[in-house]
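For reference, query00.cif is printed below; it contains mmCIF, C-alpha atoms and all ligand atoms.
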data_protein
loop_
_atom_site.label_atom_id
_atom_site.label_comp_id
_atom_site.auth_asym_id
_atom_site.auth_seq_id
_atom_site.Cartn_x
_atom_site.Cartn_y
_atom_site.Cartn_z
CA MET A 1 0.00 0.00 0.00
CA ASP A 2 1.52 3.41 -0.81
CA SER A 3 1.38 6.15 1.78
CA ALA A 4 -1.37 8.10 -0.04
CA THR A 5 -3.87 5.33 0.65
CA THR A 6 -2.73 4.49 4.19
CA ILE A 7 -5.45 5.02 6.79
CA LYS A 8 -3.98 6.12 10.07
CA GLU A 9 -5.49 4.19 12.95
CA PRO A 10 -5.07 5.57 16.46
CA SER A 11 -2.30 3.68 18.29
CA PRO A 12 -3.57 0.90 20.57
CA PRO A 13 -3.23 1.58 24.33
CA GLU A 14 -0.30 -0.80 24.80
CA ALA A 15 1.66 1.00 22.06
CA VAL A 16 0.86 4.40 23.63
CA VAL A 17 2.12 3.19 27.00
CA ILE A 18 5.30 1.71 25.55
CA GLN A 19 6.03 4.97 23.72
CA MET A 20 5.67 6.83 27.02
CA VAL A 21 7.92 4.40 28.86
CA MET A 22 10.55 4.72 26.14
CA GLY A 23 10.77 8.34 27.30
CA ALA A 24 13.55 7.09 29.59
CA TRP A 25 15.53 5.95 26.54
CA VAL A 26 14.78 9.23 24.76
CA SER A 27 16.18 11.09 27.75
CA LYS A 28 19.32 8.97 27.87
CA VAL A 29 20.17 9.08 24.18
CA ILE A 30 19.74 12.87 23.92
CA SER A 31 21.76 13.44 27.11
CA ASP A 32 24.58 11.17 26.04
CA VAL A 33 25.07 12.56 22.53
CA THR A 34 25.11 15.96 24.23
CA ARG A 35 27.80 14.70 26.61
CA LEU A 36 29.73 13.62 23.52
CA ASN A 37 29.48 17.23 22.34
CA VAL A 38 27.71 16.46 19.04
CA PRO A 39 25.37 19.53 19.13
CA ASP A 40 28.34 21.91 19.56
CA VAL A 41 30.36 20.23 16.81
CA LEU A 42 27.45 20.48 14.34
CA LYS A 43 26.76 24.08 15.26
CA GLN A 44 30.39 25.07 14.72
CA HIS A 45 31.18 23.00 11.61
CA GLY A 46 27.84 22.23 9.93
CA SER A 47 26.41 18.88 8.76
CA MET A 48 28.65 15.81 8.66
CA SER A 49 28.73 12.06 9.14
CA ALA A 50 29.36 10.29 12.45
CA ALA A 51 32.74 9.17 11.13
CA GLU A 52 33.79 12.77 10.39
CA MET A 53 32.76 13.95 13.87
CA ILE A 54 35.08 11.31 15.30
CA ALA A 55 37.97 11.71 12.85
CA ARG A 56 38.07 15.52 12.71
CA HIS A 57 36.28 16.99 15.70
CA GLY A 58 37.26 14.98 18.74
CA VAL A 59 33.98 13.14 19.35
CA GLU A 60 34.95 9.98 21.22
CA ALA A 61 32.86 7.11 19.87
CA ARG A 62 32.68 4.14 17.50
CA PRO A 63 31.35 5.44 14.16
CA GLU A 64 28.61 2.87 13.64
CA CYS A 65 27.42 3.14 17.25
CA LEU A 66 27.37 6.93 17.18
CA GLU A 67 25.45 6.80 13.90
CA ARG A 68 22.79 4.60 15.49
CA ALA A 69 22.38 6.99 18.43
CA LEU A 70 22.23 9.98 16.07
CA ARG A 71 19.58 8.31 13.91
CA ALA A 72 17.44 7.88 17.03
CA CYS A 73 17.94 11.57 17.85
CA ALA A 74 17.19 12.64 14.26
CA SER A 75 13.93 10.65 14.38
CA LEU A 76 12.98 12.87 17.35
CA GLY A 77 13.82 16.05 15.43
CA ILE A 78 17.02 16.82 17.36
CA PHE A 79 19.21 16.63 14.22
CA THR A 80 18.56 16.48 10.49
CA GLU A 81 19.58 13.29 8.68
CA SER A 82 20.44 12.90 4.99
CA ALA A 83 20.27 9.81 2.76
CA THR A 84 24.09 9.90 2.57
CA GLY A 85 24.47 9.69 6.36
CA GLU A 86 25.12 13.31 7.29
CA PHE A 87 23.59 14.79 10.42
CA GLY A 88 22.90 18.50 10.77
CA PRO A 89 21.97 21.01 13.48
CA THR A 90 18.39 22.16 14.22
CA LYS A 91 16.78 24.67 16.58
CA LEU A 92 16.47 21.85 19.13
CA SER A 93 20.13 20.84 18.94
CA ASP A 94 21.03 24.52 19.24
CA ALA A 95 19.48 24.58 22.74
CA LEU A 96 21.92 21.77 23.60
CA THR A 97 25.01 23.82 22.72
CA MET A 98 27.17 25.58 25.27
CA ASP A 99 26.89 29.13 23.99
CA SER A 100 23.18 29.21 23.16
CA PRO A 101 21.45 32.02 25.10
CA VAL A 102 18.85 29.42 26.14
CA SER A 103 21.34 26.58 26.65
CA VAL A 104 20.10 23.58 28.63
CA LYS A 105 23.27 21.59 27.86
CA LYS A 106 24.51 21.27 31.43
CA LEU A 107 21.13 20.26 32.83
CA VAL A 108 20.61 17.71 30.06
CA GLU A 109 24.08 16.27 30.69
CA SER A 110 23.37 15.93 34.42
CA LEU A 111 20.24 13.94 33.68
CA ALA A 112 22.33 11.16 32.14
CA GLY A 113 24.91 11.23 34.97
CA SER A 114 24.37 11.11 38.73
CA TRP A 115 20.68 12.06 38.35
CA TRP A 116 20.04 8.94 36.28
CA LYS A 117 21.58 6.79 39.02
CA VAL A 118 19.41 8.36 41.71
CA TRP A 119 16.25 7.88 39.63
CA THR A 120 16.84 4.12 39.57
CA GLY A 121 15.73 4.22 43.22
CA LEU A 122 12.32 5.74 42.48
CA CYS A 123 10.37 2.61 43.37
CA ASP A 124 12.07 2.44 46.78
CA ALA A 125 11.35 6.14 47.33
CA ILE A 126 7.67 5.56 46.60
CA ARG A 127 7.58 2.45 48.78
CA THR A 128 9.47 3.79 51.79
CA GLY A 129 9.11 7.58 51.59
CA GLU A 130 12.91 7.84 51.84
CA PRO A 131 14.95 9.83 49.29
CA GLN A 132 17.37 7.56 47.46
CA ALA A 133 20.62 9.53 47.03
CA ARG A 134 22.17 7.70 49.99
CA ASN A 135 21.32 4.28 48.54
CA GLN A 136 22.45 5.14 45.03
CA LEU A 137 25.42 7.47 45.62
CA GLY A 138 26.47 6.56 49.16
CA MET A 139 25.54 9.94 50.67
CA GLU A 140 22.62 12.32 51.04
CA TRP A 141 22.42 14.53 47.94
CA TRP A 142 23.74 17.82 49.44
CA ASP A 143 26.55 15.95 51.25
CA TYR A 144 27.44 14.18 48.02
CA LEU A 145 27.80 17.53 46.25
CA LYS A 146 29.94 18.96 49.05
CA ALA A 147 32.20 15.90 48.96
CA ASN A 148 32.57 16.01 45.14
CA PRO A 149 33.56 19.49 43.92
CA LYS A 150 33.26 18.48 40.26
CA GLU A 151 29.69 17.28 40.85
CA MET A 152 28.95 20.49 42.75
CA GLU A 153 30.27 22.55 39.86
CA ASP A 154 28.25 20.49 37.35
CA PHE A 155 25.15 20.89 39.53
CA GLY A 156 25.71 24.65 39.72
CA GLU A 157 26.06 24.75 35.93
CA ALA A 158 22.95 22.59 35.54
CA MET A 159 20.95 24.92 37.80
CA LYS A 160 22.23 27.93 35.90
CA SER A 161 21.27 26.32 32.61
CA ASN A 162 17.84 25.38 33.94
CA SER A 163 17.38 28.85 35.33
CA LEU A 164 17.95 31.00 32.28
CA SER A 165 14.28 31.17 31.33
CA SER A 166 12.93 31.53 34.89
CA MET A 167 15.56 34.20 35.52
CA LYS A 168 14.29 36.12 32.51
CA GLY A 169 10.81 35.81 34.03
CA VAL A 170 11.92 37.41 37.32
CA LEU A 171 13.66 40.22 35.44
CA GLU A 172 10.56 40.90 33.36
CA LYS A 173 7.80 40.38 35.92
CA CYS A 174 9.24 41.66 39.23
CA ASP A 175 9.92 45.32 39.87
CA PHE A 176 12.90 46.22 42.06
CA THR A 177 12.80 49.98 41.40
CA ASN A 178 12.13 50.86 45.04
CA SER A 179 14.22 48.04 46.54
CA LYS A 180 17.51 48.70 48.31
CA LYS A 181 19.00 45.31 48.95
CA VAL A 182 18.16 41.84 47.68
CA VAL A 183 19.49 38.54 48.98
CA ASP A 184 19.33 35.55 46.66
CA VAL A 185 19.02 32.71 49.16
CA GLY A 186 20.64 29.55 47.73
CA GLY A 187 21.60 31.78 44.81
CA GLY A 188 24.07 29.33 43.25
CA PHE A 189 26.59 31.05 40.99
CA GLY A 190 24.85 34.42 41.37
CA HIS A 191 23.62 34.82 37.79
CA LEU A 192 20.23 36.21 38.87
CA ILE A 193 21.65 38.76 41.31
CA ILE A 194 24.15 40.00 38.73
CA ALA A 195 21.40 40.42 36.14
CA LEU A 196 19.35 42.38 38.72
CA LEU A 197 22.30 44.62 39.61
CA GLU A 198 22.85 45.28 35.90
CA LYS A 199 19.21 46.33 35.50
CA TYR A 200 18.89 48.40 38.70
CA SER A 201 21.87 50.68 39.27
CA GLY A 202 20.88 51.61 42.84
CA LEU A 203 20.37 48.05 44.06
CA ARG A 204 22.76 46.09 46.28
CA GLY A 205 22.80 42.30 46.19
CA THR A 206 24.02 39.30 48.18
CA VAL A 207 24.29 35.68 47.13
CA LEU A 208 23.91 33.35 50.11
CA ASP A 209 24.89 29.74 49.48
CA VAL A 210 26.77 26.88 51.15
CA PRO A 211 30.42 27.77 51.87
CA GLU A 212 31.70 25.02 49.53
CA LEU A 213 29.95 26.62 46.54
CA ILE A 214 31.25 30.17 46.96
CA PRO A 215 34.77 29.69 45.47
CA ILE A 216 33.27 27.66 42.60
CA ALA A 217 30.70 30.41 41.95
CA LYS A 218 33.37 33.12 41.94
CA LYS A 219 35.52 31.09 39.54
CA ASN A 220 32.59 30.55 37.15
CA ILE A 221 31.18 34.04 37.16
CA GLN A 222 33.78 36.74 36.99
CA VAL A 223 32.42 40.24 37.36
CA ASN A 224 34.75 42.78 35.79
CA ASP A 225 32.53 45.85 35.97
CA PRO A 226 33.34 47.68 39.23
CA GLY A 227 29.90 49.32 39.05
CA ILE A 228 28.46 45.83 39.65
CA SER A 229 31.13 44.20 41.83
CA SER A 230 31.04 47.08 44.36
CA ARG A 231 27.34 46.33 44.99
CA LEU A 232 27.67 42.53 45.02
CA GLU A 233 28.73 40.20 47.81
CA TYR A 234 28.90 36.42 48.24
CA ILE A 235 28.30 34.92 51.67
CA GLY A 236 28.91 31.28 52.54
CA GLY A 237 26.47 30.23 55.25
CA ASP A 238 23.47 28.19 56.27
CA MET A 239 20.09 29.67 55.38
CA PHE A 240 18.44 27.58 58.12
CA LYS A 241 20.54 29.36 60.74
CA SER A 242 20.14 32.92 59.49
CA VAL A 243 19.94 35.11 56.40
CA PRO A 244 21.57 38.55 56.00
CA PRO A 245 19.30 41.61 56.37
CA ALA A 246 17.59 42.84 53.19
CA ASP A 247 14.27 44.20 52.01
CA VAL A 248 13.83 41.52 49.33
CA TYR A 249 14.60 37.79 49.53
CA VAL A 250 14.63 35.78 46.34
CA MET A 251 14.43 31.98 46.60
CA LYS A 252 14.51 30.45 43.18
CA HIS A 253 14.07 26.68 43.14
CA ILE A 254 14.78 26.53 46.87
CA ILE A 255 11.50 25.92 48.71
CA HIS A 256 10.78 22.79 46.64
CA ASP A 257 14.02 21.26 48.00
CA TRP A 258 12.80 20.99 51.59
CA ASP A 259 10.08 19.60 53.85
CA ASP A 260 7.52 21.94 55.42
CA GLY A 261 9.39 22.29 58.74
CA ARG A 262 12.61 23.43 57.05
CA CYS A 263 10.74 25.76 54.68
CA ILE A 264 8.92 27.45 57.55
CA ARG A 265 12.21 27.87 59.42
CA LEU A 266 13.82 29.43 56.34
CA LEU A 267 10.88 31.75 55.65
CA ARG A 268 10.83 32.78 59.32
CA ASN A 269 14.54 33.63 59.09
CA CYS A 270 13.68 35.90 56.15
CA HIS A 271 10.81 37.43 58.13
CA GLN A 272 13.08 38.10 61.08
CA SER A 273 15.92 39.71 59.08
CA MET A 274 13.64 41.63 56.71
CA THR A 275 14.03 45.40 56.79
CA GLY A 276 11.01 47.65 56.25
CA ASP A 277 8.01 46.52 54.25
CA GLY A 278 9.92 43.86 52.40
CA ARG A 279 8.89 40.89 50.31
CA VAL A 280 9.84 37.32 49.58
CA ILE A 281 9.95 36.22 45.96
CA CYS A 282 9.89 32.45 45.55
CA VAL A 283 10.18 30.87 42.12
CA ASP A 284 8.93 27.30 41.96
CA ALA A 285 6.12 25.22 40.55
CA VAL A 286 2.55 25.71 41.77
CA LEU A 287 0.96 22.30 41.34
CA ALA A 288 -2.55 22.07 39.94
CA PRO A 289 -5.09 21.11 42.65
CA MET A 290 -6.19 17.47 43.00
CA GLY A 291 -8.51 16.50 40.15
CA ASP A 292 -6.74 18.76 37.65
CA THR A 293 -4.46 16.54 35.58
CA ALA A 294 -2.63 19.40 33.83
CA GLY A 295 1.06 20.20 34.32
CA THR A 296 3.11 17.07 33.63
CA PRO A 297 6.55 18.81 33.93
CA ALA A 298 5.81 20.08 37.47
CA LYS A 299 4.44 16.68 38.50
CA LEU A 300 7.54 14.89 37.21
CA LEU A 301 9.70 17.48 38.96
CA ASP A 302 7.75 16.63 42.12
CA CYS A 303 8.80 12.97 41.67
CA ASN A 304 12.37 14.17 41.13
CA MET A 305 12.22 15.91 44.51
CA MET A 306 10.85 12.74 46.11
CA VAL A 307 13.67 10.55 44.82
CA PHE A 308 16.52 13.00 45.56
CA ILE A 309 15.70 14.86 48.75
CA SER A 310 12.83 15.37 51.12
CA GLY A 311 11.40 18.24 49.10
CA LYS A 312 8.22 18.52 47.05
CA GLU A 313 6.26 20.75 44.71
CA ARG A 314 3.25 22.44 46.29
CA THR A 315 -0.28 23.52 45.37
CA LYS A 316 -1.44 27.10 45.92
CA VAL A 317 -3.13 26.00 49.16
CA GLN A 318 0.13 24.45 50.40
CA TRP A 319 2.10 27.58 49.46
CA ASP A 320 -0.40 29.65 51.38
CA GLU A 321 -0.03 27.43 54.46
CA LEU A 322 3.77 27.79 54.38
CA TYR A 323 3.66 31.56 53.99
CA GLN A 324 1.05 31.96 56.73
CA ALA A 325 3.05 29.79 59.15
CA ALA A 326 6.07 32.05 58.66
CA GLY A 327 4.16 35.35 59.04
CA PHE A 328 3.71 36.12 55.33
CA GLN A 329 0.78 36.15 52.96
CA ILE A 330 0.72 35.56 49.22
CA HIS A 331 0.54 38.85 47.36
CA THR A 332 0.65 37.63 43.74
CA ILE A 333 1.30 34.46 41.78
CA THR A 334 2.63 35.01 38.26
CA SER A 335 3.14 31.99 36.04
CA LEU A 336 6.21 31.82 33.82
CA ARG A 337 6.71 30.05 30.53
CA ASP A 338 9.85 28.23 31.63
CA ASN A 339 11.08 24.63 31.36
CA PHE A 340 9.02 23.30 34.25
CA GLY A 341 6.03 25.63 34.14
CA THR A 342 7.03 27.43 37.32
CA SER A 343 5.58 30.59 38.88
CA ILE A 344 6.71 33.58 40.88
CA ILE A 345 5.03 33.43 44.29
CA GLU A 346 5.45 36.84 45.85
CA GLY A 347 4.73 37.27 49.56
CA VAL A 348 4.53 40.20 51.96
CA LYS A 349 4.40 40.37 55.75
CA LYS A 350 0.92 39.72 57.20
N1 LIG A 401 18.71 29.50 43.11
C1 LIG A 401 19.57 28.80 42.18
C2 LIG A 401 20.05 27.42 42.68
C3 LIG A 401 18.97 26.44 43.07
S1 LIG A 401 19.64 24.86 43.58
C4 LIG A 401 18.88 28.67 40.83
O1 LIG A 401 17.68 28.89 40.73
O2 LIG A 401 19.55 28.33 39.87
C5 LIG A 401 19.59 24.97 45.33
C6 LIG A 401 20.72 25.79 45.95
O3 LIG A 401 20.56 25.80 47.38
C7 LIG A 401 22.13 25.23 45.69
O4 LIG A 401 22.94 26.23 45.15
C8 LIG A 401 22.57 24.78 47.07
O5 LIG A 401 24.00 24.83 47.24
C9 LIG A 401 21.85 25.76 47.97
N2 LIG A 401 21.73 25.32 49.38
C10 LIG A 401 21.46 24.07 49.84
N3 LIG A 401 21.45 24.07 51.19
C11 LIG A 401 21.71 25.34 51.60
C12 LIG A 401 21.82 25.96 52.90
N4 LIG A 401 21.64 25.26 54.01
N5 LIG A 401 22.10 27.29 52.93
C13 LIG A 401 22.28 28.00 51.79
N6 LIG A 401 22.16 27.46 50.53
C14 LIG A 401 21.88 26.14 50.44
#
Since I need it in another form, could you write the structure as structure tokens?
Ligand code: SAH
Amino acid sequence: MDSATTIKEPSPPEAVVIQMVMGAWVSKVISDVTRLNVPDVLKQHGSMSAAEMIARHGVEARPECLERALRACASLGIFTESATGEFGPTKLSDALTMDSPVSVKKLVESLAGSWWKVWTGLCDAIRTGEPQARNQLGMEWWDYLKANPKEMEDFGEAMKSNSLSSMKGVLEKCDFTNSKKVVDVGGGFGHLIIALLEKYSGLRGTVLDVPELIPIAKKNIQVNDPGISSRLEYIGGDMFKSVPPADVYVMKHIIHDWDDGRCIRLLRNCHQSMTGDGRVICVDAVLAPMGDTAGTPAKLLDCNMMVFISGKERTKVQWDELYQAAGFQIHTITSLRDNFGTSIIEGVKK
């Protein structure tokens, strides 16, 4: 039968389910060709065969095996594929390159590394309620990062890469015109604070993160403009003990890392150190209420939190409970069009 006369039947349920489950293989093959640097090579040098990538551009692989992985990626639209065996870049592969303004390379690479290992424990996490980093990596997740500087650096890079779009959201949707000092709690490398200081010339900013991360952050983000560096400081500390005084606290992808008790302690620390009529700006998912099946990325991220650490994504009602318990109330929720469908949850003192 030629294709013009083919009648397309809907896929049977078992085929639909298998396609979904193969999502794990999709994830792995895209991550691993990214780790092999294929998207960058194609962006820099244009279309070529797997053999040429290996012979001329330092891709470490066996030609026929790389070709098989690339064909799988091309079938997903990541690369183009020609009848003569050349693979080319696309808009999707561009997002997997290092210097793309919307690069997700580092996050995608992490997914095939230590994150993949931790995810193998999902069933145990569901069964026991215990995060699985200790079982899979030998240590709790945050301890594992502190003990492995390369992993900590990769994690910082992954967070930065994941954060580019949500960072843009904060810059566009939150107004800091009348703010004096902002602390980015768990601010990672400091990319958000620096962008804020660039936009608001009167603003001062502090990045608070674990002491082990601070030298890595400073190495990765070098600020040469004295107009920025004079208003920027990095503090190594523990946000559960205290946070430096400020009128605005930003917590981007922080609250979802912790259980309710820890979150309330952290938010109370912000409440206590807050100067004037300040605000807290949290950026995280707001889960749809029970019965609303929308929002797959946030729900999968919620499972990611379950398997890694004792954090979770929260519904609006749960966010409200946290804020109330710490002396805040929700002022506005603004949804962002970022990778995980997250929102800005802005709170003010009650
Ligand atoms: N806000 C950043 C990073 C989020 S990842 C972003 O959106 O990209 C979570 C961050 O919390 C990491 O940088 C981690 O080092 C930091 N963190 C974990 N425990 C902490 C603690 N007790 N005190 C301060 N920061 C902490």
Sort by chain and increasing residue number a table of all residues of chain A within 8 Å of ligand LIG 401 (chain A), each with its closest pair of atoms and their distance in Å to one decimal, counting all atoms listed in the file, and write it as a tab-separated table.
residue	atom	partner	partner_atom	distance
A:Trp142	CA	A:LIG401	C10	6.7
A:Met152	CA	A:LIG401	O5	8.0
A:Phe155	CA	A:LIG401	S1	7.9
A:Gly156	CA	A:LIG401	O4	6.3
A:Ala158	CA	A:LIG401	O2	8.0
A:Met159	CA	A:LIG401	O2	4.2
A:Lys160	CA	A:LIG401	O2	4.8
A:Ser161	CA	A:LIG401	O2	7.7
A:Asn162	CA	A:LIG401	O2	6.8
A:Ser163	CA	A:LIG401	O2	5.1
A:Ser166	CA	A:LIG401	O1	8.0
A:Met167	CA	A:LIG401	O1	7.7
A:Asp184	CA	A:LIG401	N1	7.0
A:Val185	CA	A:LIG401	N6	6.3
A:Gly186	CA	A:LIG401	O3	3.8
A:Gly187	CA	A:LIG401	N1	4.1
A:Gly188	CA	A:LIG401	O4	3.8
A:Phe189	CA	A:LIG401	O4	7.3
A:Gly190	CA	A:LIG401	C1	7.8
A:His191	CA	A:LIG401	O2	7.9
A:Leu192	CA	A:LIG401	C4	7.9
A:Leu208	CA	A:LIG401	C13	5.8
A:Asp209	CA	A:LIG401	N6	3.7
A:Val210	CA	A:LIG401	C13	4.7
A:Leu213	CA	A:LIG401	O5	6.3
A:Gly236	CA	A:LIG401	C13	7.4
A:Gly237	CA	A:LIG401	N5	5.8
A:Asp238	CA	A:LIG401	N5	3.7
A:Met239	CA	A:LIG401	N5	4.0
A:Phe240	CA	A:LIG401	N4	5.7
A:Lys241	CA	A:LIG401	N4	8.0
A:Met251	CA	A:LIG401	N1	6.1
A:Lys252	CA	A:LIG401	O1	4.3
A:His253	CA	A:LIG401	O1	4.9
A:Ile254	CA	A:LIG401	C5	5.3
A:Asp257	CA	A:LIG401	C5	7.2
A:Val283	CA	A:LIG401	O1	7.9
Quiz prompt | Gap from CA of Ile345 in chain A to CA of Trp319 in chain A - Å, one decimal | solution =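 Here the two named atoms are 8.3 Å from each other.
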Quiz item: Neighbours of Thr334 in chain A within 9 Å (all atoms listed in the file; same-chain residues fewer than 6 positions away dropped), as a ChimeraX atom specification?
Solution: /A:173,342-346
Quiz prompt | Two-atom distance - CA of Gly129 in chain A, CA of Ser27 in chain A (Å) | solution = 25.1 Å
Quiz item: When you draw a straight line from CA of Leu137 in chain A to CA of Gly113 in chain A, how long is it in Å?
Solution: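 Going from CA of Leu137 in chain A over to CA of Gly113 in chain A covers 11.3 Å.
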Quiz item: Asp320 in chain A: which residues within 12 Å, counting all atoms listed in the file, same-chain residues fewer than 2 positions away excluded, as a list in words?
Solution: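 Residues meeting the cut-off are Asp260, Ile264, Val286, Arg314, Thr315, Lys316, Val317, Gln318, Leu322, Tyr323, Gln324, Ala325, Ala326, Gly327, Phe328, Gln329, Ile330, His331, Thr332, Ile333, Ile345, Glu346, Gly347, Val348 and Lys350 of chain A.
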Self-check item: A:Ile7, A:Leu171, A:Ile30, A:Ile216 ranked by distance to Ala69 in chain A, top pick (using all atoms listed in the file)
Solution: A:Ile30
Have range 307-319 of chain A completed to N, CA, C and O atoms, please, and pass it along as an mmCIF file, in the frame of the given file.
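Produced file out25.cif, reproduced below:
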data_model
loop_
_atom_site.group_PDB
_atom_site.id
_atom_site.type_symbol
_atom_site.label_atom_id
_atom_site.label_comp_id
_atom_site.auth_asym_id
_atom_site.auth_seq_id
_atom_site.Cartn_x
_atom_site.Cartn_y
_atom_site.Cartn_z
ATOM 1 N N VAL A 307 12.620 11.564 44.916
ATOM 2 C CA VAL A 307 13.670 10.550 44.820
ATOM 3 C C VAL A 307 15.028 11.092 45.297
ATOM 4 O O VAL A 307 15.858 10.342 45.803
ATOM 5 N N PHE A 308 15.225 12.416 45.186
ATOM 6 C CA PHE A 308 16.520 13.000 45.560
ATOM 7 C C PHE A 308 16.615 13.412 47.018
ATOM 8 O O PHE A 308 17.594 13.146 47.698
ATOM 9 N N ILE A 309 15.617 14.170 47.464
ATOM 10 C CA ILE A 309 15.700 14.860 48.750
ATOM 11 C C ILE A 309 14.303 14.887 49.357
ATOM 12 O O ILE A 309 13.349 14.494 48.698
ATOM 13 N N SER A 310 14.189 15.409 50.565
ATOM 14 C CA SER A 310 12.830 15.370 51.120
ATOM 15 C C SER A 310 12.058 16.648 50.787
ATOM 16 O O SER A 310 11.397 17.225 51.645
ATOM 17 N N GLY A 311 12.163 17.084 49.550
ATOM 18 C CA GLY A 311 11.400 18.240 49.100
ATOM 19 C C GLY A 311 10.169 17.816 48.330
ATOM 20 O O GLY A 311 9.908 16.620 48.169
ATOM 21 N N LYS A 312 9.398 18.812 47.869
ATOM 22 C CA LYS A 312 8.220 18.520 47.050
ATOM 23 C C LYS A 312 7.745 19.791 46.348
ATOM 24 O O LYS A 312 8.099 20.906 46.762
ATOM 25 N N GLU A 313 6.964 19.608 45.308
ATOM 26 C CA GLU A 313 6.260 20.750 44.710
ATOM 27 C C GLU A 313 4.964 20.920 45.485
ATOM 28 O O GLU A 313 4.463 19.977 46.092
ATOM 29 N N ARG A 314 4.409 22.147 45.449
ATOM 30 C CA ARG A 314 3.250 22.440 46.290
ATOM 31 C C ARG A 314 2.112 23.096 45.497
ATOM 32 O O ARG A 314 2.365 23.836 44.540
ATOM 33 N N THR A 315 0.883 22.845 45.960
ATOM 34 C CA THR A 315 -0.280 23.520 45.370
ATOM 35 C C THR A 315 -0.368 24.933 45.958
ATOM 36 O O THR A 315 0.315 25.253 46.941
ATOM 37 N N LYS A 316 -1.268 25.734 45.411
ATOM 38 C CA LYS A 316 -1.440 27.100 45.920
ATOM 39 C C LYS A 316 -1.821 27.062 47.405
ATOM 40 O O LYS A 316 -1.315 27.846 48.211
ATOM 41 N N VAL A 317 -2.692 26.108 47.752
ATOM 42 C CA VAL A 317 -3.130 26.000 49.160
ATOM 43 C C VAL A 317 -1.923 25.690 50.065
ATOM 44 O O VAL A 317 -1.750 26.275 51.134
ATOM 45 N N GLN A 318 -1.054 24.802 49.594
ATOM 46 C CA GLN A 318 0.130 24.450 50.400
ATOM 47 C C GLN A 318 1.114 25.617 50.506
ATOM 48 O O GLN A 318 1.722 25.823 51.555
ATOM 49 N N TRP A 319 1.256 26.379 49.411
ATOM 50 C CA TRP A 319 2.100 27.580 49.460
ATOM 51 C C TRP A 319 1.548 28.553 50.491
ATOM 52 O O TRP A 319 2.290 29.151 51.279
#
